[in-house]
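Structure record follows, encoded as structure tokens.
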Amino acid sequence: MWEYSEKVKDYFFNPKNSGVLEGADGVGDVGAISCGDALRLMIKVDEPTQTITDARFQTFGCGSAIASSSALTEIIIGKTIDEALRISNQDIADFLGGLPPEKMHCSVMGYEALQAAVANYRGETWVDDHEEGALICKCFGIDEAMIERTVRSNGLTKVEEITNFTKAGGGCSTCAEGIEGVLERVNAEMVAEGVLAPEMAFNPQAYVRPVKEKKVVPLETVLAAAPQPEPEVRPEPAPSPAAMTTLQKIRLIEETIEQIRPSLQRDGGDCELIDVDGNRVMVRLTGACVGCHLSSATIEGVQARLVEAVGVPLLVVPATPMH
């Protein structure tokens, strides 16, 4: 079970260098709100010394995206442009004390925003390869070149690692074959270059593609899996969904899950909130809930309760167990 570091929590709840940087010398935009994450990085550069004297960010995304963006600004302030360009996405994750595998794409987004901001400062057009490469994952707009770059820079050898670092394949999964093809090709090239041991390379013959099952559960079963709590008297009315901030939404989701947990614990199971990524809520089932034939009903019951509490469409997905 992954436990977020105190530094991640601090940089999420108390982000450093958040907001607009007036008169920025370089601006880098990556991601897209439609894909769940977007980041704008702004930098100020002292021309004679080529030192980054200030940096600010604006992020739309999950807590890990906010923490990663905030950490990035802290890392690059005081560094020269050349020093900053040597920073990797792993450096961002390490600065925070680590990120869960499924959130490494947040550090990758920070790395790309820095590349784009420096290119903008230099009067260049940063080619993130999303516009030129063959599109692999339509759900998140991830193309072949980005997957190749991420595989090479992080030494990835597994399909699930690509999903964790780029989100590719995290939606409908119709791009699975394309992802496998890119990984096989790039790993083979890395072996030929002597940077990857042959036995570590992705082997499509030995890989078993996971099958996502979608179960249709009667409404009565869903409601039975998530009994209603006693009515709660709130001192102040909750903000409307339109006026609710990201932090308010996350806190309301946390409160609602805490109300659900006792009923699951009585049956030897439990449910904990892992992350909120836009309108996608990741939870982890533990105890008797793991492997239970009604686990899908539990997830849908949790989703129904959260949608009712928050007032906006939400998708609740279970975190993949780590082995």
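Numbering starts fresh at 1 for the residues of each chain in the structure tokens, the chains themselves are lettered A, B, ... in the order given, and ligands are numbered from 1 as they appear.
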### Task
Compile the contact shell of A:Leu99 as a PyMOL selection string: residues with an atom at most 12 Å away, counting only C-alpha atoms, same-chain residues fewer than 3 positions apart removed.
chain A and resi 2-9+63-65+67-68+89-96+102-108+164-165+274-275
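Taking only C-alpha atoms, the non-local environment of A:Gln115 within 8 Å (same-chain residues fewer than 4 positions away omitted) comprises Gly28, Leu85, Tyr111, Ala119 and Trp126 of chain A.
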### Message
as a PyMOL selection string, please: every residue in stretch 2-128 of chain A that a backbone DSSP assignment puts in alpha helix (DSSP H).
### Response
chain A and resi 6-13+63-76+81-85+89-95+104-121
### Nearest residue to A:Ala304 from the set A:Leu285, A:Thr256, A:Leu183, A:Pro262 (distances using only C-alpha atoms)
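Of all the options, A:Thr256 lies closest to A:Ala304.
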### Message
Counting only C-alpha atoms, which residue out of A:Cys175, A:Ala309, A:Leu156, A:Met109 sits closest to A:Gly31?
### Response
A:Met109
### Query
What gap, in Å, lies between atom CA of A:Val45 and atom CA of A:Lys79?
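It comes out at 9.8 Å.
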### Task
Compare A:Gly170, A:Gly110, A:Gly301, A:Gly278 by their minimum atom-to-atom distance to A:Leu314, counting only C-alpha atoms, and give me the closest one.
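Of all the options, A:Gly278 lies closest to A:Leu314.
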### Task
as JSON, numbers by chain, list the residues of stretch 35-238 of chain A assigned to strand (DSSP E) by DSSP on the backbone atoms of this structure.
{"A": [37, 38, 39, 40, 41, 42, 43, 44, 45, 46, 51, 52, 53, 54, 55, 56, 57, 58, 59, 60, 135, 136, 137, 142, 143]}
### Message
Which residues are near stretch 14-24 of chain A? Cut-off 10 Å, only C-alpha atoms, ignore same chain within fewer than 2 positions. Put them as a ChimeraX atom specification.
### Response
/A:7-12,26-27,40-45,54-59,66-74,117,121
For the residues in the current selection, export N, CA and C atoms as a short mmCIF file (atom, residue, chain, number, x, y, z; two decimals), in the first residue's frame.
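out-v7.cif written:
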```cif
data_model
loop_
_atom_site.label_atom_id
_atom_site.label_comp_id
_atom_site.auth_asym_id
_atom_site.auth_seq_id
_atom_site.Cartn_x
_atom_site.Cartn_y
_atom_site.Cartn_z
N LYS A 7 5.95 15.46 2.39
CA LYS A 7 6.32 16.53 1.47
C LYS A 7 5.31 16.65 0.34
N VAL A 8 4.83 15.52 -0.16
CA VAL A 8 3.79 15.56 -1.19
C VAL A 8 2.54 16.25 -0.65
N LYS A 9 2.15 15.86 0.55
CA LYS A 9 0.95 16.46 1.15
C LYS A 9 1.14 17.96 1.36
N ASP A 10 2.33 18.34 1.82
CA ASP A 10 2.58 19.76 2.07
C ASP A 10 2.55 20.56 0.78
N TYR A 11 3.17 20.02 -0.28
CA TYR A 11 3.23 20.75 -1.54
C TYR A 11 1.87 20.76 -2.25
N PHE A 12 0.97 19.86 -1.86
CA PHE A 12 -0.38 19.90 -2.41
C PHE A 12 -1.25 20.90 -1.64
N GLY A 26 9.71 33.12 -20.20
CA GLY A 26 9.41 31.88 -20.91
C GLY A 26 8.18 31.22 -20.33
N VAL A 27 7.33 30.69 -21.20
CA VAL A 27 6.09 30.04 -20.76
C VAL A 27 5.98 28.69 -21.46
N ARG A 40 0.84 24.94 -16.84
CA ARG A 40 1.54 26.09 -17.42
C ARG A 40 2.66 26.47 -16.47
N LEU A 41 3.90 26.45 -16.98
CA LEU A 41 5.07 26.83 -16.21
C LEU A 41 5.60 28.15 -16.75
N MET A 42 5.85 29.11 -15.87
CA MET A 42 6.37 30.43 -16.26
C MET A 42 7.69 30.67 -15.55
N ILE A 43 8.70 31.16 -16.29
CA ILE A 43 10.02 31.38 -15.70
C ILE A 43 10.53 32.79 -16.00
N LYS A 44 11.32 33.32 -15.05
CA LYS A 44 12.05 34.57 -15.22
C LYS A 44 13.53 34.21 -15.29
N VAL A 45 14.24 34.81 -16.24
CA VAL A 45 15.65 34.45 -16.45
C VAL A 45 16.52 35.71 -16.43
N ASP A 54 13.05 33.23 -10.98
CA ASP A 54 11.71 33.03 -10.43
C ASP A 54 10.96 32.06 -11.33
N ALA A 55 10.00 31.38 -10.76
CA ALA A 55 9.18 30.44 -11.52
C ALA A 55 7.83 30.31 -10.84
N ARG A 56 6.79 30.28 -11.63
CA ARG A 56 5.42 30.10 -11.12
C ARG A 56 4.72 29.06 -11.99
N PHE A 57 3.63 28.52 -11.44
CA PHE A 57 2.89 27.52 -12.20
C PHE A 57 1.39 27.67 -12.00
N GLN A 58 0.65 27.17 -12.98
CA GLN A 58 -0.80 27.01 -12.87
C GLN A 58 -1.10 25.60 -13.33
N THR A 59 -1.80 24.85 -12.50
CA THR A 59 -2.05 23.44 -12.79
C THR A 59 -3.53 23.11 -12.65
N ILE A 66 -0.37 18.87 -8.76
CA ILE A 66 -0.11 20.14 -8.09
C ILE A 66 1.21 20.07 -7.32
N ALA A 67 1.42 18.98 -6.58
CA ALA A 67 2.65 18.83 -5.81
C ALA A 67 3.87 18.77 -6.72
N SER A 68 3.76 18.05 -7.84
CA SER A 68 4.89 17.92 -8.77
C SER A 68 5.23 19.27 -9.41
N SER A 69 4.20 20.02 -9.77
CA SER A 69 4.43 21.34 -10.39
C SER A 69 5.09 22.28 -9.39
N SER A 70 4.60 22.26 -8.15
CA SER A 70 5.17 23.11 -7.11
C SER A 70 6.63 22.72 -6.84
N ALA A 71 6.89 21.42 -6.77
CA ALA A 71 8.25 20.95 -6.54
C ALA A 71 9.18 21.39 -7.67
N LEU A 72 8.70 21.32 -8.90
CA LEU A 72 9.51 21.71 -10.04
C LEU A 72 9.99 23.15 -9.91
N THR A 73 9.10 24.06 -9.53
CA THR A 73 9.50 25.46 -9.40
C THR A 73 10.57 25.63 -8.32
N GLU A 74 10.43 24.90 -7.23
CA GLU A 74 11.41 24.98 -6.15
C GLU A 74 12.78 24.46 -6.61
N ALA A 117 9.04 25.67 -21.66
CA ALA A 117 9.28 27.03 -21.17
C ALA A 117 10.65 27.54 -21.61
N TYR A 121 11.53 30.69 -24.07
CA TYR A 121 12.46 31.74 -23.67
C TYR A 121 13.51 31.98 -24.76
#
```
### Task
Tell me which of A:Glu148, A:Ile75, A:Leu252, A:Leu273 sits closest to A:Glu308, counting only C-alpha atoms.
A:Leu252
### Query
Of the residues A:Arg209, A:Glu254, A:Thr80, A:Glu160, which is the one nearest to A:Glu177, using only C-alpha atoms?
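Of A:Arg209, A:Glu254, A:Thr80, A:Glu160, the one nearest A:Glu177, counting only C-alpha atoms, is A:Arg209.
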#### Entry: Pick from A:Val302, A:Val281, A:Tyr207, A:Gly287 nearest to A:Arg266, counting only C-alpha atoms
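Using only C-alpha atoms, the shortest distance to A:Arg266 belongs to A:Gly287.
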